[in-house]
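Structure, as structure tokens:
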Amino acid sequence: MNKQVIALALGLMFGAAQAGEVEVLHWWTAGGEAKAAQGLKASLQAKGHSWKDFAVAGGGGDSAMTVLKSRVVSGNAPAAAQIKGPSIQEWAREGLLANMDAVAKAENWDGVLPKVVSDVMKYQGQYVAAPVNVHRVNWLWANAEVLKKAGVKPPSSWDEFFTAAEALKKAGVIPLAHGGQNWQDFTTFESVALGVGGADFYKKALVQLDAAAINSATMDKVLETFRRVKAYTDKNAPGRDWNLATAMVIKGEAGMQLMGDWAKGEFIAAGKAPGKDFVCVAAPGTAKAFTFNVDSFALFKLKKADAQAAQRDFASAVMSPAFQELFNLNKGSIPVRTDLKMDKFDDCARLSNQDFLATAKAGSLVPSIAHGMAVPSAAEGAIKDVVSQFWNNDTMTVAQAKQRIAAAAKTQ
């Protein structure tokens with residue numbers, strides 16, 4: 001047998017040993033997300049692996065988590081599942097996640113991820129998940145023409161917000177488009193808390209759930225400001241989906257919306273241009289802070305060596321510059337890597353990336369509690385409920401709200 005044949009035989013044996021199946025649980029089933037998922041699939045197939053799609057639509061991931069739990073209980077976990085925030089730690093504590101440190105060290109993940117993000121991806125100092133993107137949550141979106149007609153500029157403080165809201169009201173438009181669902185109520189609340197109290201207060205009250213911060217005079221001001229914001233929404237807000245609120249701004253029925261950067265996709269899909277037709281600025285008072293929502297894949301322990309190899313290649317592909325760029329151009333978010341050029345991205349994404357890098361250095365890059373990044377799920381749900389009750393019930397006092405938030409923070 002000549003050397004070429006031996007080499008070919010060894011190559012086939014090695015390839016067969018390394019090629020494996022990657023089953024991926026996700027809920028990227030629409031538009032740009034689905035396109036981006038196809039890019040990840042192609043990257044894995046190029047390495048000889050097969051991709052088994054385990055897409056579960058609906059519920060912002062709630063349906064997917066229900067299916068995942070039943071699969072894990074039956075001993076049949078997928079290679080990777082779309083999980084984020086403290087939920088990653090909850091799965092890791094059960095001993096179910098795989099150690100990805102070999103990949104992370106070889107590719108210097110610690111060097112290209114902000115520590116506050118990499119810490120979320122680790123359990124007991126070891127990587128067990130790979131991050132896909134960063135969504136900025138503390139955005140204010142506005143219809144440029146509507147603002148111009150009302151004679152106002154995008155507000156940079158809450159005082160300016162209320163002045164602009166009054167002008168918009170007099171101009172005959174709804175000042176703030178809002179959807180009355182508890183996660184949307186809390187998206188507004190955390191932007192108010194960050195803008196009124198600053199990053200240090202936000203971290204103490206909404207991440208560390210510090211009782212003194214929750215019961216402070218600063219929290220009084222946050223709740224009072226939050227209640228004032230409600231007065232500039234419309235009566236049809238309860239139950240409205242976020243994208244319908246965005247559509248109100250696009251059509252000029254409303255002037256502004258407080259929402260994460262996924263709202264940008266709605267403007268772009270409607271043929272609107274950033275900086276011309278619509279404005280993207282940090283939520284009032286939050287220009288030097290950044291609330292993040294990071295999508296990520298937790299990696300489950302697998303028994304077969306070929307499946308483990310395929311899983312490592314999957315983690316590598318998720319963090320690759322090529323995928324980070326492709327995915328985020330389609331999703332409206334920004335790459336989680338801090339070393340990528342942003343020349344293909346629009347002005348809103350560039351501003352987001354600039355602020356992401358600056359706040360990571362300054363210590364004002366903070367996790368979004370509204371989007372499952374900050375606290376355990378039980379406490380998160382309980383606090384969201386209190387905030388929505390306060391938003392919807394004008395008879396609840398600030399003192400009562402503080403007391404209930406403090407109690408909800410203790411929910412296990």
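By order of appearance in the structure tokens: chains A, B, ..., then residues from 1 within every chain, and ligands from 1 in the order shown.
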Considering only C-alpha atoms, give me a table of residues in range 115-143 of chain A that are at most 8 Å from range 292-307 of chain A, with the closest atom pair and distance in Å for each, as CSV.
residue,atom,partner,partner_atom,distance
A:Val117,CA,A:Val294,CA,8.0
A:Val128,CA,A:Leu299,CA,5.9
A:Ala129,CA,A:Ala298,CA,4.1
A:Ala130,CA,A:Phe297,CA,5.3
A:Pro131,CA,A:Ser296,CA,4.1
A:Val132,CA,A:Ser296,CA,5.2
A:Asn133,CA,A:Val294,CA,5.6
A:Val134,CA,A:Val294,CA,4.7
A:His135,CA,A:Asn293,CA,5.0
A:Arg136,CA,A:Phe292,CA,5.0
A:Val137,CA,A:Phe292,CA,6.0
Export of prior selection with N, CA, C and O atoms as a compact mmCIF listing (two decimals), in the first residue's frame:
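Generated output (again_14.txt):
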# COMPACT_ATOMS: atom_id res chain seq x y z
N VAL A 117 -19.62 39.83 30.87
CA VAL A 117 -20.30 38.89 29.96
C VAL A 117 -19.72 37.49 30.12
O VAL A 117 -20.47 36.51 30.24
N VAL A 128 -19.17 27.14 30.11
CA VAL A 128 -20.17 26.10 29.85
C VAL A 128 -21.18 26.58 28.80
O VAL A 128 -22.13 25.88 28.46
N ALA A 129 -20.96 27.80 28.29
CA ALA A 129 -21.86 28.37 27.28
C ALA A 129 -21.07 29.29 26.37
O ALA A 129 -20.00 29.80 26.74
N ALA A 130 -21.60 29.51 25.17
CA ALA A 130 -20.97 30.40 24.19
C ALA A 130 -21.94 31.52 23.83
O ALA A 130 -23.08 31.24 23.44
N PRO A 131 -21.51 32.78 23.95
CA PRO A 131 -22.41 33.90 23.65
C PRO A 131 -22.48 34.20 22.15
O PRO A 131 -21.49 34.05 21.43
N VAL A 132 -23.65 34.64 21.72
CA VAL A 132 -23.90 34.86 20.30
C VAL A 132 -23.87 36.35 19.95
O VAL A 132 -23.37 36.75 18.91
N ASN A 133 -24.43 37.18 20.82
CA ASN A 133 -24.63 38.59 20.46
C ASN A 133 -24.84 39.43 21.71
O ASN A 133 -24.91 38.90 22.83
N VAL A 134 -24.99 40.72 21.50
CA VAL A 134 -25.38 41.63 22.57
C VAL A 134 -26.52 42.50 22.06
O VAL A 134 -26.38 43.16 21.02
N HIS A 135 -27.63 42.49 22.78
CA HIS A 135 -28.70 43.45 22.54
C HIS A 135 -28.56 44.55 23.59
O HIS A 135 -28.38 44.26 24.77
N ARG A 136 -28.64 45.80 23.15
CA ARG A 136 -28.75 46.90 24.11
C ARG A 136 -30.23 47.10 24.39
O ARG A 136 -31.04 47.22 23.47
N VAL A 137 -30.59 47.15 25.65
CA VAL A 137 -32.00 47.28 26.03
C VAL A 137 -32.38 48.75 26.25
O VAL A 137 -33.49 49.16 25.92
All residues 12 Å or closer to Ala289 in chain A, only C-alpha atoms, same chain fewer than 4 positions away omitted, as a PDB file with all heavy atoms, in the first residue's frame:
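The resulting file, around35.pdb, is reproduced below:
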ATOM      1  N   ARG A 136     -28.642  45.803  23.147  1.00  0.00           N
ATOM      2  CA  ARG A 136     -28.751  46.897  24.107  1.00  0.00           C
ATOM      3  C   ARG A 136     -30.235  47.100  24.386  1.00  0.00           C
ATOM      4  O   ARG A 136     -31.036  47.220  23.467  1.00  0.00           O
ATOM      5  CB  ARG A 136     -28.147  48.189  23.545  1.00  0.00           C
ATOM      6  CG  ARG A 136     -28.101  49.299  24.592  1.00  0.00           C
ATOM      7  CD  ARG A 136     -27.529  50.597  24.040  1.00  0.00           C
ATOM      8  NE  ARG A 136     -27.082  51.460  25.139  1.00  0.00           N
ATOM      9  CZ  ARG A 136     -26.394  52.577  24.967  1.00  0.00           C
ATOM     10  NH1 ARG A 136     -26.074  52.977  23.755  1.00  0.00           N
ATOM     11  NH2 ARG A 136     -26.028  53.307  26.002  1.00  0.00           N
ATOM     12  N   VAL A 137     -30.591  47.147  25.652  1.00  0.00           N
ATOM     13  CA  VAL A 137     -32.003  47.283  26.027  1.00  0.00           C
ATOM     14  C   VAL A 137     -32.380  48.748  26.247  1.00  0.00           C
ATOM     15  O   VAL A 137     -33.495  49.161  25.924  1.00  0.00           O
ATOM     16  CB  VAL A 137     -32.315  46.432  27.279  1.00  0.00           C
ATOM     17  CG1 VAL A 137     -33.787  46.551  27.673  1.00  0.00           C
ATOM     18  CG2 VAL A 137     -31.974  44.956  27.020  1.00  0.00           C
ATOM     19  N   ASN A 138     -31.459  49.555  26.774  1.00  0.00           N
ATOM     20  CA  ASN A 138     -31.801  50.941  27.146  1.00  0.00           C
ATOM     21  C   ASN A 138     -31.718  51.913  25.963  1.00  0.00           C
ATOM     22  O   ASN A 138     -30.916  52.830  25.917  1.00  0.00           O
ATOM     23  CB  ASN A 138     -30.919  51.445  28.303  1.00  0.00           C
ATOM     24  CG  ASN A 138     -29.429  51.422  27.985  1.00  0.00           C
ATOM     25  OD1 ASN A 138     -28.905  50.445  27.464  1.00  0.00           O
ATOM     26  ND2 ASN A 138     -28.743  52.514  28.306  1.00  0.00           N
ATOM     27  N   TRP A 139     -32.613  51.689  24.981  1.00  0.00           N
ATOM     28  CA  TRP A 139     -32.716  52.562  23.807  1.00  0.00           C
ATOM     29  C   TRP A 139     -34.008  53.366  23.865  1.00  0.00           C
ATOM     30  O   TRP A 139     -35.032  52.899  24.386  1.00  0.00           O
ATOM     31  CB  TRP A 139     -32.786  51.747  22.529  1.00  0.00           C
ATOM     32  CG  TRP A 139     -31.502  51.252  21.945  1.00  0.00           C
ATOM     33  CD1 TRP A 139     -31.130  49.939  21.828  1.00  0.00           C
ATOM     34  CD2 TRP A 139     -30.452  52.016  21.345  1.00  0.00           C
ATOM     35  NE1 TRP A 139     -29.911  49.851  21.205  1.00  0.00           N
ATOM     36  CE2 TRP A 139     -29.477  51.115  20.896  1.00  0.00           C
ATOM     37  CE3 TRP A 139     -30.245  53.389  21.158  1.00  0.00           C
ATOM     38  CZ2 TRP A 139     -28.297  51.523  20.265  1.00  0.00           C
ATOM     39  CZ3 TRP A 139     -29.072  53.805  20.528  1.00  0.00           C
ATOM     40  CH2 TRP A 139     -28.120  52.873  20.087  1.00  0.00           C
ATOM     41  N   GLU A 190     -36.566  49.585  34.131  1.00  0.00           N
ATOM     42  CA  GLU A 190     -35.121  49.496  34.349  1.00  0.00           C
ATOM     43  C   GLU A 190     -34.378  50.649  33.660  1.00  0.00           C
ATOM     44  O   GLU A 190     -33.333  51.096  34.140  1.00  0.00           O
ATOM     45  CB  GLU A 190     -34.562  48.130  33.946  1.00  0.00           C
ATOM     46  CG  GLU A 190     -34.527  47.819  32.474  1.00  0.00           C
ATOM     47  CD  GLU A 190     -33.971  46.425  32.192  1.00  0.00           C
ATOM     48  OE1 GLU A 190     -33.989  45.567  33.091  1.00  0.00           O
ATOM     49  OE2 GLU A 190     -33.539  46.197  31.049  1.00  0.00           O
ATOM     50  N   SER A 191     -34.936  51.160  32.545  1.00  0.00           N
ATOM     51  CA  SER A 191     -34.325  52.339  31.918  1.00  0.00           C
ATOM     52  C   SER A 191     -34.513  53.576  32.793  1.00  0.00           C
ATOM     53  O   SER A 191     -33.608  54.414  32.896  1.00  0.00           O
ATOM     54  CB  SER A 191     -34.921  52.577  30.521  1.00  0.00           C
ATOM     55  OG  SER A 191     -34.375  51.672  29.582  1.00  0.00           O
ATOM     56  N   ALA A 193     -34.812  53.448  36.107  1.00  0.00           N
ATOM     57  CA  ALA A 193     -33.929  53.218  37.265  1.00  0.00           C
ATOM     58  C   ALA A 193     -32.480  53.558  36.929  1.00  0.00           C
ATOM     59  O   ALA A 193     -31.769  54.173  37.731  1.00  0.00           O
ATOM     60  CB  ALA A 193     -34.038  51.765  37.722  1.00  0.00           C
ATOM     61  N   LEU A 194     -32.042  53.183  35.729  1.00  0.00           N
ATOM     62  CA  LEU A 194     -30.671  53.456  35.300  1.00  0.00           C
ATOM     63  C   LEU A 194     -30.471  54.954  35.066  1.00  0.00           C
ATOM     64  O   LEU A 194     -29.444  55.514  35.456  1.00  0.00           O
ATOM     65  CB  LEU A 194     -30.375  52.671  34.020  1.00  0.00           C
ATOM     66  CG  LEU A 194     -28.931  52.630  33.532  1.00  0.00           C
ATOM     67  CD1 LEU A 194     -28.019  51.984  34.557  1.00  0.00           C
ATOM     68  CD2 LEU A 194     -28.842  51.884  32.201  1.00  0.00           C
ATOM     69  N   GLY A 195     -31.471  55.599  34.462  1.00  0.00           N
ATOM     70  CA  GLY A 195     -31.364  57.023  34.158  1.00  0.00           C
ATOM     71  C   GLY A 195     -31.463  57.920  35.379  1.00  0.00           C
ATOM     72  O   GLY A 195     -30.786  58.942  35.467  1.00  0.00           O
ATOM     73  N   VAL A 196     -32.284  57.514  36.342  1.00  0.00           N
ATOM     74  CA  VAL A 196     -32.473  58.309  37.565  1.00  0.00           C
ATOM     75  C   VAL A 196     -31.392  58.006  38.596  1.00  0.00           C
ATOM     76  O   VAL A 196     -30.830  58.912  39.214  1.00  0.00           O
ATOM     77  CB  VAL A 196     -33.876  58.056  38.176  1.00  0.00           C
ATOM     78  CG1 VAL A 196     -34.006  58.685  39.561  1.00  0.00           C
ATOM     79  CG2 VAL A 196     -34.966  58.595  37.250  1.00  0.00           C
ATOM     80  N   GLY A 197     -31.103  56.725  38.790  1.00  0.00           N
ATOM     81  CA  GLY A 197     -30.199  56.323  39.870  1.00  0.00           C
ATOM     82  C   GLY A 197     -28.756  56.095  39.479  1.00  0.00           C
ATOM     83  O   GLY A 197     -27.873  56.096  40.335  1.00  0.00           O
ATOM     84  N   GLY A 198     -28.482  55.869  38.160  1.00  0.00           N
ATOM     85  CA  GLY A 198     -27.125  55.571  37.717  1.00  0.00           C
ATOM     86  C   GLY A 198     -26.787  54.092  37.819  1.00  0.00           C
ATOM     87  O   GLY A 198     -27.537  53.303  38.415  1.00  0.00           O
ATOM     88  N   ALA A 199     -25.646  53.719  37.252  1.00  0.00           N
ATOM     89  CA  ALA A 199     -25.259  52.303  37.165  1.00  0.00           C
ATOM     90  C   ALA A 199     -25.022  51.662  38.532  1.00  0.00           C
ATOM     91  O   ALA A 199     -25.382  50.501  38.756  1.00  0.00           O
ATOM     92  CB  ALA A 199     -24.019  52.150  36.294  1.00  0.00           C
ATOM     93  N   ASP A 200     -24.425  52.398  39.475  1.00  0.00           N
ATOM     94  CA  ASP A 200     -24.145  51.810  40.792  1.00  0.00           C
ATOM     95  C   ASP A 200     -25.441  51.490  41.538  1.00  0.00           C
ATOM     96  O   ASP A 200     -25.579  50.409  42.127  1.00  0.00           O
ATOM     97  CB  ASP A 200     -23.275  52.746  41.640  1.00  0.00           C
ATOM     98  CG  ASP A 200     -21.833  52.782  41.148  1.00  0.00           C
ATOM     99  OD1 ASP A 200     -21.447  51.863  40.391  1.00  0.00           O
ATOM    100  OD2 ASP A 200     -21.106  53.721  41.500  1.00  0.00           O
ATOM    101  N   PHE A 201     -26.401  52.421  41.499  1.00  0.00           N
ATOM    102  CA  PHE A 201     -27.699  52.164  42.133  1.00  0.00           C
ATOM    103  C   PHE A 201     -28.378  50.983  41.452  1.00  0.00           C
ATOM    104  O   PHE A 201     -28.925  50.094  42.125  1.00  0.00           O
ATOM    105  CB  PHE A 201     -28.609  53.405  42.043  1.00  0.00           C
ATOM    106  CG  PHE A 201     -30.047  53.104  42.380  1.00  0.00           C
ATOM    107  CD1 PHE A 201     -30.457  52.978  43.706  1.00  0.00           C
ATOM    108  CD2 PHE A 201     -30.992  52.911  41.375  1.00  0.00           C
ATOM    109  CE1 PHE A 201     -31.780  52.661  44.021  1.00  0.00           C
ATOM    110  CE2 PHE A 201     -32.310  52.596  41.682  1.00  0.00           C
ATOM    111  CZ  PHE A 201     -32.699  52.476  43.013  1.00  0.00           C
ATOM    112  N   TYR A 202     -28.353  50.963  40.127  1.00  0.00           N
ATOM    113  CA  TYR A 202     -28.987  49.886  39.353  1.00  0.00           C
ATOM    114  C   TYR A 202     -28.430  48.530  39.784  1.00  0.00           C
ATOM    115  O   TYR A 202     -29.181  47.578  40.027  1.00  0.00           O
ATOM    116  CB  TYR A 202     -28.754  50.126  37.855  1.00  0.00           C
ATOM    117  CG  TYR A 202     -29.349  49.068  36.949  1.00  0.00           C
ATOM    118  CD1 TYR A 202     -30.571  49.273  36.321  1.00  0.00           C
ATOM    119  CD2 TYR A 202     -28.682  47.873  36.705  1.00  0.00           C
ATOM    120  CE1 TYR A 202     -31.119  48.306  35.483  1.00  0.00           C
ATOM    121  CE2 TYR A 202     -29.221  46.897  35.881  1.00  0.00           C
ATOM    122  CZ  TYR A 202     -30.434  47.121  35.260  1.00  0.00           C
ATOM    123  OH  TYR A 202     -30.966  46.146  34.444  1.00  0.00           O
ATOM    124  N   LYS A 203     -27.089  48.452  39.873  1.00  0.00           N
ATOM    125  CA  LYS A 203     -26.464  47.175  40.249  1.00  0.00           C
ATOM    126  C   LYS A 203     -26.874  46.736  41.654  1.00  0.00           C
ATOM    127  O   LYS A 203     -27.186  45.571  41.885  1.00  0.00           O
ATOM    128  CB  LYS A 203     -24.936  47.282  40.148  1.00  0.00           C
ATOM    129  CG  LYS A 203     -24.412  47.196  38.725  1.00  0.00           C
ATOM    130  CD  LYS A 203     -22.900  47.120  38.655  1.00  0.00           C
ATOM    131  CE  LYS A 203     -22.258  48.459  38.601  1.00  0.00           C
ATOM    132  NZ  LYS A 203     -20.831  48.431  38.230  1.00  0.00           N
ATOM    133  N   ALA A 282     -29.693  56.658  23.440  1.00  0.00           N
ATOM    134  CA  ALA A 282     -29.817  55.970  24.730  1.00  0.00           C
ATOM    135  C   ALA A 282     -31.038  56.503  25.470  1.00  0.00           C
ATOM    136  O   ALA A 282     -31.399  57.682  25.334  1.00  0.00           O
ATOM    137  CB  ALA A 282     -28.563  56.191  25.564  1.00  0.00           C
ATOM    138  N   ALA A 283     -31.699  55.655  26.238  1.00  0.00           N
ATOM    139  CA  ALA A 283     -32.839  56.082  27.046  1.00  0.00           C
ATOM    140  C   ALA A 283     -32.405  57.261  27.921  1.00  0.00           C
ATOM    141  O   ALA A 283     -31.227  57.364  28.292  1.00  0.00           O
ATOM    142  CB  ALA A 283     -33.334  54.930  27.915  1.00  0.00           C
ATOM    143  N   PRO A 284     -33.332  58.171  28.249  1.00  0.00           N
ATOM    144  CA  PRO A 284     -32.972  59.389  28.990  1.00  0.00           C
ATOM    145  C   PRO A 284     -32.076  59.128  30.209  1.00  0.00           C
ATOM    146  O   PRO A 284     -32.372  58.254  31.033  1.00  0.00           O
ATOM    147  CB  PRO A 284     -34.328  59.945  29.408  1.00  0.00           C
ATOM    148  CG  PRO A 284     -35.246  59.509  28.317  1.00  0.00           C
ATOM    149  CD  PRO A 284     -34.771  58.141  27.931  1.00  0.00           C
ATOM    150  N   GLY A 285     -30.973  59.867  30.270  1.00  0.00           N
ATOM    151  CA  GLY A 285     -30.070  59.776  31.415  1.00  0.00           C
ATOM    152  C   GLY A 285     -29.140  58.581  31.424  1.00  0.00           C
ATOM    153  O   GLY A 285     -28.381  58.388  32.374  1.00  0.00           O
ATOM    154  N   SER A 352     -24.088  51.652  19.486  1.00  0.00           N
ATOM    155  CA  SER A 352     -24.242  50.600  20.487  1.00  0.00           C
ATOM    156  C   SER A 352     -22.895  49.953  20.807  1.00  0.00           C
ATOM    157  O   SER A 352     -22.535  49.764  21.973  1.00  0.00           O
ATOM    158  CB  SER A 352     -25.227  49.543  19.982  1.00  0.00           C
ATOM    159  OG  SER A 352     -25.525  48.598  20.982  1.00  0.00           O
ATOM    160  N   GLN A 354     -19.855  51.183  20.309  1.00  0.00           N
ATOM    161  CA  GLN A 354     -18.993  52.181  20.954  1.00  0.00           C
ATOM    162  C   GLN A 354     -19.301  52.273  22.455  1.00  0.00           C
ATOM    163  O   GLN A 354     -18.402  52.277  23.298  1.00  0.00           O
ATOM    164  CB  GLN A 354     -19.251  53.533  20.279  1.00  0.00           C
ATOM    165  CG  GLN A 354     -18.515  54.720  20.844  1.00  0.00           C
ATOM    166  CD  GLN A 354     -18.985  56.012  20.160  1.00  0.00           C
ATOM    167  OE1 GLN A 354     -19.068  56.095  18.936  1.00  0.00           O
ATOM    168  NE2 GLN A 354     -19.333  57.004  20.952  1.00  0.00           N
ATOM    169  N   ASP A 355     -20.603  52.307  22.777  1.00  0.00           N
ATOM    170  CA  ASP A 355     -21.012  52.401  24.181  1.00  0.00           C
ATOM    171  C   ASP A 355     -20.776  51.087  24.932  1.00  0.00           C
ATOM    172  O   ASP A 355     -20.469  51.092  26.127  1.00  0.00           O
ATOM    173  CB  ASP A 355     -22.483  52.815  24.279  1.00  0.00           C
ATOM    174  CG  ASP A 355     -22.711  54.269  23.859  1.00  0.00           C
ATOM    175  OD1 ASP A 355     -21.714  55.000  23.706  1.00  0.00           O
ATOM    176  OD2 ASP A 355     -23.884  54.659  23.686  1.00  0.00           O
ATOM    177  N   PHE A 356     -20.902  49.966  24.225  1.00  0.00           N
ATOM    178  CA  PHE A 356     -20.633  48.651  24.812  1.00  0.00           C
ATOM    179  C   PHE A 356     -19.178  48.565  25.282  1.00  0.00           C
ATOM    180  O   PHE A 356     -18.891  48.163  26.417  1.00  0.00           O
ATOM    181  CB  PHE A 356     -20.932  47.572  23.766  1.00  0.00           C
ATOM    182  CG  PHE A 356     -20.630  46.151  24.175  1.00  0.00           C
ATOM    183  CD1 PHE A 356     -21.262  45.569  25.267  1.00  0.00           C
ATOM    184  CD2 PHE A 356     -19.731  45.377  23.449  1.00  0.00           C
ATOM    185  CE1 PHE A 356     -20.998  44.252  25.635  1.00  0.00           C
ATOM    186  CE2 PHE A 356     -19.461  44.060  23.801  1.00  0.00           C
ATOM    187  CZ  PHE A 356     -20.101  43.500  24.900  1.00  0.00           C
ATOM    188  N   LEU A 357     -18.265  48.992  24.414  1.00  0.00           N
ATOM    189  CA  LEU A 357     -16.835  48.953  24.754  1.00  0.00           C
ATOM    190  C   LEU A 357     -16.502  49.939  25.879  1.00  0.00           C
ATOM    191  O   LEU A 357     -15.770  49.606  26.808  1.00  0.00           O
ATOM    192  CB  LEU A 357     -15.996  49.279  23.512  1.00  0.00           C
ATOM    193  CG  LEU A 357     -16.125  48.323  22.314  1.00  0.00           C
ATOM    194  CD1 LEU A 357     -15.298  48.820  21.142  1.00  0.00           C
ATOM    195  CD2 LEU A 357     -15.724  46.906  22.685  1.00  0.00           C
ATOM    196  N   ALA A 358     -17.088  51.139  25.801  1.00  0.00           N
ATOM    197  CA  ALA A 358     -16.801  52.170  26.812  1.00  0.00           C
ATOM    198  C   ALA A 358     -17.344  51.786  28.182  1.00  0.00           C
ATOM    199  O   ALA A 358     -16.656  51.950  29.205  1.00  0.00           O
ATOM    200  CB  ALA A 358     -17.395  53.509  26.371  1.00  0.00           C
ATOM    201  N   THR A 359     -18.565  51.264  28.233  1.00  0.00           N
ATOM    202  CA  THR A 359     -19.166  50.903  29.530  1.00  0.00           C
ATOM    203  C   THR A 359     -18.528  49.660  30.124  1.00  0.00           C
ATOM    204  O   THR A 359     -18.472  49.514  31.345  1.00  0.00           O
ATOM    205  CB  THR A 359     -20.698  50.701  29.412  1.00  0.00           C
ATOM    206  OG1 THR A 359     -20.980  49.689  28.424  1.00  0.00           O
ATOM    207  CG2 THR A 359     -21.399  51.991  29.023  1.00  0.00           C
ATOM    208  N   ALA A 360     -18.016  48.765  29.260  1.00  0.00           N
ATOM    209  CA  ALA A 360     -17.301  47.583  29.765  1.00  0.00           C
ATOM    210  C   ALA A 360     -16.061  48.022  30.539  1.00  0.00           C
ATOM    211  O   ALA A 360     -15.729  47.452  31.583  1.00  0.00           O
ATOM    212  CB  ALA A 360     -16.918  46.659  28.613  1.00  0.00           C
ATOM    213  N   LYS A 361     -15.377  49.065  30.048  1.00  0.00           N
ATOM    214  CA  LYS A 361     -14.190  49.588  30.721  1.00  0.00           C
ATOM    215  C   LYS A 361     -14.556  50.390  31.968  1.00  0.00           C
ATOM    216  O   LYS A 361     -13.854  50.358  32.973  1.00  0.00           O
ATOM    217  CB  LYS A 361     -13.394  50.472  29.753  1.00  0.00           C
ATOM    218  CG  LYS A 361     -12.646  49.694  28.688  1.00  0.00           C
ATOM    219  CD  LYS A 361     -11.880  50.627  27.757  1.00  0.00           C
ATOM    220  CE  LYS A 361     -11.165  49.835  26.666  1.00  0.00           C
ATOM    221  NZ  LYS A 361     -10.537  50.734  25.663  1.00  0.00           N
ATOM    222  N   ALA A 362     -15.670  51.132  31.887  1.00  0.00           N
ATOM    223  CA  ALA A 362     -16.053  52.043  32.978  1.00  0.00           C
ATOM    224  C   ALA A 362     -16.805  51.360  34.120  1.00  0.00           C
ATOM    225  O   ALA A 362     -17.007  51.948  35.178  1.00  0.00           O
ATOM    226  CB  ALA A 362     -16.910  53.179  32.419  1.00  0.00           C
ATOM    227  N   GLY A 363     -17.245  50.113  33.894  1.00  0.00           N
ATOM    228  CA  GLY A 363     -17.994  49.402  34.935  1.00  0.00           C
ATOM    229  C   GLY A 363     -19.480  49.722  34.940  1.00  0.00           C
ATOM    230  O   GLY A 363     -20.180  49.427  35.903  1.00  0.00           O
ATOM    231  N   SER A 364     -19.966  50.318  33.842  1.00  0.00           N
ATOM    232  CA  SER A 364     -21.392  50.649  33.767  1.00  0.00           C
ATOM    233  C   SER A 364     -22.129  49.810  32.718  1.00  0.00           C
ATOM    234  O   SER A 364     -23.195  50.172  32.233  1.00  0.00           O
ATOM    235  CB  SER A 364     -21.576  52.145  33.479  1.00  0.00           C
ATOM    236  OG  SER A 364     -20.796  52.551  32.372  1.00  0.00           O
ATOM    237  N   LEU A 365     -21.537  48.663  32.364  1.00  0.00           N
ATOM    238  CA  LEU A 365     -22.185  47.658  31.528  1.00  0.00           C
ATOM    239  C   LEU A 365     -22.925  46.725  32.476  1.00  0.00           C
ATOM    240  O   LEU A 365     -22.302  46.013  33.266  1.00  0.00           O
ATOM    241  CB  LEU A 365     -21.127  46.905  30.714  1.00  0.00           C
ATOM    242  CG  LEU A 365     -21.583  45.763  29.809  1.00  0.00           C
ATOM    243  CD1 LEU A 365     -22.509  46.257  28.716  1.00  0.00           C
ATOM    244  CD2 LEU A 365     -20.375  45.059  29.197  1.00  0.00           C
ATOM    245  N   VAL A 366     -24.257  46.749  32.436  1.00  0.00           N
ATOM    246  CA  VAL A 366     -25.048  46.033  33.443  1.00  0.00           C
ATOM    247  C   VAL A 366     -26.068  45.099  32.785  1.00  0.00           C
ATOM    248  O   VAL A 366     -26.569  45.380  31.698  1.00  0.00           O
ATOM    249  CB  VAL A 366     -25.781  47.024  34.389  1.00  0.00           C
ATOM    250  CG1 VAL A 366     -24.781  47.809  35.222  1.00  0.00           C
ATOM    251  CG2 VAL A 366     -26.693  47.978  33.626  1.00  0.00           C
ATOM    252  N   PRO A 367     -26.400  43.983  33.453  1.00  0.00           N
ATOM    253  CA  PRO A 367     -27.354  43.033  32.878  1.00  0.00           C
ATOM    254  C   PRO A 367     -28.800  43.509  32.988  1.00  0.00           C
ATOM    255  O   PRO A 367     -29.180  44.172  33.951  1.00  0.00           O
ATOM    256  CB  PRO A 367     -27.131  41.768  33.720  1.00  0.00           C
ATOM    257  CG  PRO A 367     -26.639  42.278  35.039  1.00  0.00           C
ATOM    258  CD  PRO A 367     -25.839  43.506  34.733  1.00  0.00           C
ATOM    259  N   SER A 368     -29.600  43.158  31.983  1.00  0.00           N
ATOM    260  CA  SER A 368     -31.023  43.519  31.985  1.00  0.00           C
ATOM    261  C   SER A 368     -31.821  42.499  32.781  1.00  0.00           C
ATOM    262  O   SER A 368     -31.844  41.317  32.436  1.00  0.00           O
ATOM    263  CB  SER A 368     -31.551  43.574  30.551  1.00  0.00           C
ATOM    264  OG  SER A 368     -32.963  43.623  30.546  1.00  0.00           O
TER     265      SER A 368
END
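Residues within 8 Å of Asp277 in chain A, counting only C-alpha atoms and excluding same-chain residues fewer than 2 positions away, are Asn143, Ala144, Glu145, Lys272, Ala273, Pro274, Gly275 and Val279 of chain A.
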Nearest to Glu33 in chain A among A:Asn393, A:Ser333, A:Gln400, A:Ser74, with distances taken over only C-alpha atoms: which residue is it?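 For Glu33 in chain A, the nearest of the given residues is A:Ser333.
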Need to verify the contact set: Gln403 in chain A, 12 Å, only C-alpha atoms, exclusion of same-chain residues closer than 2 positions in sequence. Can you return it as a count of residues only? 24
With a distance cut-off of 8 Å and only C-alpha atoms, select the neighbouring residues of Arg240 in chain A, excluding the residue or stretch itself and same-chain residues fewer than 5 positions from it, and output the selection as a count of residues only. 5
Residue set, range 151-226 of chain A restricted to strand (DSSP E or B), as a PyMOL selection string: chain A and resi 174-177+180
Mind writing the picked residues with C-alpha atoms as a short mmCIF file (atom, residue, chain, number, x, y, z; two decimals), in the first residue's frame?
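Listed below is the output, result22.cif:
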data_model
loop_
_atom_site.label_atom_id
_atom_site.label_comp_id
_atom_site.auth_asym_id
_atom_site.auth_seq_id
_atom_site.Cartn_x
_atom_site.Cartn_y
_atom_site.Cartn_z
CA ILE A 174 -49.24 59.75 21.48
CA PRO A 175 -45.94 60.73 23.17
CA LEU A 176 -44.82 57.18 24.08
CA ALA A 177 -45.82 53.94 22.34
CA GLY A 180 -48.70 46.70 28.52
#
